[in-house]
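> Take a look at this one; I'll ask things after.
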Amino acid sequence: MPHADWSSFSFDGIGTRWEISTPEALAPAVRHQLLETVGDYDATYSRFRPDSLVSGLSREPGRITLPGHAVALHEVYAALYRLSGGAMTPLIGSSLERLGYDPGYTLAPSGDPLAPPRWEDVLEWTDTALTVTEAVVLDIGAAGKGQLVDLLGGILQSTGHSEFLVDGSGDMLHAGTHPVMVALEHPYNPGQAIGTVELHNSALCASASNRRAWGDGLHHVLDGTTGRPIHTMVATWTIAASALVADALATALFMLEPAQLQEEFDFSWLRVSSSGAATFSHRFEGRLFT
């Protein structure tokens with residue numbers, strides 16, 4: 001939790017609740033810049049609104065030009081697609097919609113799960129240029145919220161705020177001299193914690209199959225090679241230098257062993273399997289409740 005005497009700026013954006021905590025209240029101009037950045041990100045990447053930049057690609061093939069920060073997003077996705085053998089992919093959107101997690105939030109499957117197309121068959125992404133050869137539903141939800149956390153943190157730093165906590169519904173970025181203690185949400189009971197971790201000048205992100213679950217065993221973390229929900233893990237937490245990396249790796253831990261990811265990424269982790277067993281890296285400096 002942020003320090004009790006800090007000021008808080010809360011708002012809704014990209015379908016989630018945000019809270020930005022700073023020692024001093026943010027100036028109106030800074031608040032406006034933060035809200036504008038969230039709005040721009042949503043207008044670029046949201047598959048839930050027909051007027052977003054990427055949603056046009058769900059109707060017909062074509063080419064779009066993304067903002068400059070798409071370069072970092074591409075690098076992370078490309079690496080995790082390769083490491084996971086296609087299990088983690090930005091093309092998972094069509095599978096999510098088929099299972100009912102669609103723009104209308106029907107939460108009613110329209111058919112059996114189908115594996116999305118392979119990246120190398122339909123998608124060319126170079127820096128900010130993205131081209132698809134057939135209509136596809138892009139979904140960058142596995143890393144997008146984390147990147148937006150980083151973008152908001154960058155705004156705070158550029159406007160003279162060296163101490164802050166950006167919290168996008170559990171995806172957090174901290175900066176400053178005083179660490180904050182964060183509770184780790186119980187995967188089966190949002191009102192309960194399974195432990196705590198100290199966050200200091202780094203990002204903490206989580207992924208849990210209960211966060212967006214519906215129907216009979218359906219949730220939003222899918223295997224891109226099958227289009228089906230993953231049931232071996234129920235919750236993961238990662239700490240890294242950036243929220244983009246931490247967010248992406250929290251999802252990747254549903255699909256890959258930590259050792260595979262640690263070959264290319266510097267992070268610490270905790271994950272809870274569907275059997276209830278908790279495992280964590282030696283650098284994950286948290287406390288689990290028994």
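We name chains A, B, ... following the order of the structure tokens; residues begin at 1 in each chain, and ligands are numbered from 1 as shown.
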Name the residues in contact with Glu163 of chain A at a cut-off of 8 Å, using only C-alpha atoms, excluding same-chain residues fewer than 5 positions from it; report them as a list in words.
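The contact residues come out as Thr22, Pro23, His174, Ala175, Gly176 and Thr177 of chain A.
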> Next, write the just-selected residues to a file, as a compact mmCIF listing (two decimals), in the first residue's frame, keeping C-alpha atoms as the atom set.

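Listing of out-v7.txt after writing:
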```txt
# COMPACT_ATOMS: atom_id res chain seq x y z
CA THR A 22 2.39 10.61 -5.07
CA PRO A 23 3.65 12.58 -2.05
CA HIS A 174 7.11 1.97 -7.90
CA ALA A 175 9.75 4.69 -7.81
CA GLY A 176 11.31 6.42 -4.82
CA THR A 177 13.38 6.03 -1.70
```
> Set the distance at 8 Å and use only C-alpha atoms: which residues neighbour Ile14 of chain A once local chain neighbours fewer than 6 positions away are removed? I'd like the list as an NGL selection string.
:A and (38-39 or 42 or 46)
> Using only C-alpha atoms, determine which residues lie at most 6 Å from segment 179-186 of chain A, disregarding the query and same-chain residues fewer than 6 positions distant; provide the list as a list in words.
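Here the answer would be Met1, Pro2, Gln192, Ala193, Ile194, Gly195, Thr196, Val197, Glu198, Leu199 and His200 of chain A.
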> Could you tell me, as a ChimeraX atom specification, which residues of segment 56-110 of chain A DSSP assigns to strand (DSSP E) when given the backbone?
/A:62-65
> According to DSSP computed on the backbone, where in segment 74-227 of chain A is there helix (DSSP H, G or I)? Give the residues as number ranges by chain.
A: 74-83, 93-98, 119-122, 144-158
> So that each row is one residue of segment 41-135 of chain A with an atom at most 10 Å from segment 224-230 of chain A, can you give its shortest atom pair and the distance in Å to one decimal, using only C-alpha atoms, rows by chain and rising number, as CSV?

```
residue,atom,partner,partner_atom,distance
A:Tyr81,CA,A:Gly224,CA,9.1
A:Ser84,CA,A:Gly224,CA,9.2
A:Gly85,CA,A:Thr225,CA,8.0
A:Gly86,CA,A:Gly224,CA,5.9
A:Ala87,CA,A:Gly224,CA,4.0
A:Met88,CA,A:Gly224,CA,5.6
A:Thr89,CA,A:Gly224,CA,6.0
A:Pro90,CA,A:Gly224,CA,8.8
A:Leu91,CA,A:Gly224,CA,7.8
A:Ile92,CA,A:Gly224,CA,6.1
A:Gly93,CA,A:Gly227,CA,9.6
A:Ser94,CA,A:Gly227,CA,8.8
A:Ser95,CA,A:Gly227,CA,5.5
A:Leu96,CA,A:Gly227,CA,7.8
A:Arg98,CA,A:Gly227,CA,9.3
A:Leu99,CA,A:Arg228,CA,8.8
A:Asp112,CA,A:Arg228,CA,8.9
A:Pro113,CA,A:Gly227,CA,5.3
A:Leu114,CA,A:Gly227,CA,5.0
A:Ala115,CA,A:Gly227,CA,4.3
A:Pro116,CA,A:Gly224,CA,6.4
A:Pro117,CA,A:Gly224,CA,8.7
A:Arg118,CA,A:Thr225,CA,8.5
```
> Rounded to one decimal, what separation in Å do you get between atom CA of Ala43 of chain A and atom CA of Ser209 of chain A?
26.1 Å
> Pick the closest to Ala208 of chain A from A:Leu173, A:Ala78, A:Ala243, A:Leu253: which is it, counting only C-alpha atoms?
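Of A:Leu173, A:Ala78, A:Ala243, A:Leu253, the one nearest Ala208 of chain A, counting only C-alpha atoms, is A:Leu253.
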> If we count only C-alpha atoms, what is near Gln33 of chain A at a cut-off of 10 Å, once residues fewer than 6 positions away on the same chain are taken out, given as a PyMOL selection string?
chain A and resi 39+152+155-156
> Which value, in Å to one decimal, gives the distance between atom CA of Gly276 of chain A and atom CA of Tyr188 of chain A?
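The value is 10.3 Å.
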> Can you tell me which residues surround Leu249 of chain A at a distance of at most 8 Å, considering only C-alpha atoms, apart from same-chain residues fewer than 4 positions away, and format the answer as JSON, numbers by chain?
{"A": [238, 245, 253, 261]}
> Since we have the selection now, will you write its residues out, keeping C-alpha atoms, as a PDB file, in the first residue's frame?

```
ATOM      1  CA  THR A 238       6.533 -11.337 -11.369  1.00  0.00           C
ATOM      2  CA  VAL A 245       8.191  -7.225 -19.014  1.00  0.00           C
ATOM      3  CA  LEU A 253       4.544 -18.416 -16.566  1.00  0.00           C
ATOM      4  CA  LEU A 261      12.248 -17.451 -19.326  1.00  0.00           C
TER       5      LEU A 261
END
```
> Set the distance at 8 Å and use only C-alpha atoms: which residues neighbour Ser242 of chain A once local chain neighbours fewer than 5 positions away are removed? I'd like the list as a PDB file with all heavy atoms, in the first residue's frame.

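Okay, result_39.pdb is ready:
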```pdb
ATOM      1  N   GLY A 146       0.640  -3.598 -18.684  1.00  0.00           N
ATOM      2  CA  GLY A 146       1.951  -3.343 -18.097  1.00  0.00           C
ATOM      3  C   GLY A 146       2.678  -2.225 -18.817  1.00  0.00           C
ATOM      4  O   GLY A 146       3.275  -1.353 -18.190  1.00  0.00           O
ATOM      5  N   GLN A 147       2.617  -2.229 -20.138  1.00  0.00           N
ATOM      6  CA  GLN A 147       3.276  -1.152 -20.872  1.00  0.00           C
ATOM      7  C   GLN A 147       2.646   0.197 -20.552  1.00  0.00           C
ATOM      8  O   GLN A 147       3.349   1.206 -20.415  1.00  0.00           O
ATOM      9  CB  GLN A 147       3.224  -1.401 -22.378  1.00  0.00           C
ATOM     10  CG  GLN A 147       3.938  -0.283 -23.147  1.00  0.00           C
ATOM     11  CD  GLN A 147       4.069  -0.562 -24.615  1.00  0.00           C
ATOM     12  OE1 GLN A 147       3.100  -0.888 -25.286  1.00  0.00           O
ATOM     13  NE2 GLN A 147       5.283  -0.425 -25.132  1.00  0.00           N
ATOM     14  N   ASP A 150       3.997   1.570 -17.436  1.00  0.00           N
ATOM     15  CA  ASP A 150       5.307   2.187 -17.669  1.00  0.00           C
ATOM     16  C   ASP A 150       5.178   3.572 -18.297  1.00  0.00           C
ATOM     17  O   ASP A 150       5.909   4.511 -17.936  1.00  0.00           O
ATOM     18  CB  ASP A 150       6.149   1.311 -18.599  1.00  0.00           C
ATOM     19  CG  ASP A 150       6.618   0.019 -17.957  1.00  0.00           C
ATOM     20  OD1 ASP A 150       6.714  -0.029 -16.713  1.00  0.00           O
ATOM     21  OD2 ASP A 150       6.902  -0.938 -18.695  1.00  0.00           O
ATOM     22  N   LEU A 173       3.966  -0.113 -10.659  1.00  0.00           N
ATOM     23  CA  LEU A 173       5.320   0.394 -10.861  1.00  0.00           C
ATOM     24  C   LEU A 173       5.626   1.366  -9.728  1.00  0.00           C
ATOM     25  O   LEU A 173       4.869   2.310  -9.504  1.00  0.00           O
ATOM     26  CB  LEU A 173       5.443   1.100 -12.210  1.00  0.00           C
ATOM     27  CG  LEU A 173       6.810   1.721 -12.525  1.00  0.00           C
ATOM     28  CD1 LEU A 173       7.875   0.635 -12.673  1.00  0.00           C
ATOM     29  CD2 LEU A 173       6.735   2.575 -13.790  1.00  0.00           C
ATOM     30  N   SER A 202      10.778  -0.858  -8.833  1.00  0.00           N
ATOM     31  CA  SER A 202      10.582  -1.940  -9.794  1.00  0.00           C
ATOM     32  C   SER A 202       9.088  -2.107 -10.041  1.00  0.00           C
ATOM     33  O   SER A 202       8.261  -1.390  -9.472  1.00  0.00           O
ATOM     34  CB  SER A 202      11.199  -3.248  -9.284  1.00  0.00           C
ATOM     35  OG  SER A 202      10.710  -3.565  -7.995  1.00  0.00           O
ATOM     36  N   ALA A 203       8.760  -3.068 -10.898  1.00  0.00           N
ATOM     37  CA  ALA A 203       7.367  -3.330 -11.258  1.00  0.00           C
ATOM     38  C   ALA A 203       6.945  -4.698 -10.749  1.00  0.00           C
ATOM     39  O   ALA A 203       7.734  -5.644 -10.749  1.00  0.00           O
ATOM     40  CB  ALA A 203       7.192  -3.258 -12.769  1.00  0.00           C
TER      41      ALA A 203
END
```
> List the spatial neighbours of segment 66-70 of chain A as a list in words - criterion: any atom at most 8 Å away, only C-alpha atoms, same-chain residues fewer than 2 positions off excluded.
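Here the qualifying residues turn out to be Thr44, Ile64, Ala72, Leu73, His74, Asp127, Thr128, Ala129 and Leu130 of chain A.
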> Save out the residues we just selected, C-alpha atoms, as a PDB file, in the first residue's frame.

```pdb
ATOM      1  CA  THR A  44      -4.867   2.185 -30.537  1.00  0.00           C
ATOM      2  CA  ILE A  64      -1.315   0.032 -39.764  1.00  0.00           C
ATOM      3  CA  ALA A  72       9.209  -2.532 -27.170  1.00  0.00           C
ATOM      4  CA  LEU A  73       5.864  -4.356 -27.184  1.00  0.00           C
ATOM      5  CA  HIS A  74       6.858  -6.216 -30.345  1.00  0.00           C
ATOM      6  CA  ASP A 127       9.079  -1.707 -35.411  1.00  0.00           C
ATOM      7  CA  THR A 128       5.887   0.376 -35.719  1.00  0.00           C
ATOM      8  CA  ALA A 129       4.659  -1.133 -39.000  1.00  0.00           C
ATOM      9  CA  LEU A 130       2.163  -3.990 -38.617  1.00  0.00           C
TER      10      LEU A 130
END
```
> What does the distance between atom CA of Leu123 of chain A and atom CA of Pro50 of chain A come to in Å, to one decimal place?
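Atom-to-atom, atom CA of Leu123 of chain A to atom CA of Pro50 of chain A, that is 20.3 Å.
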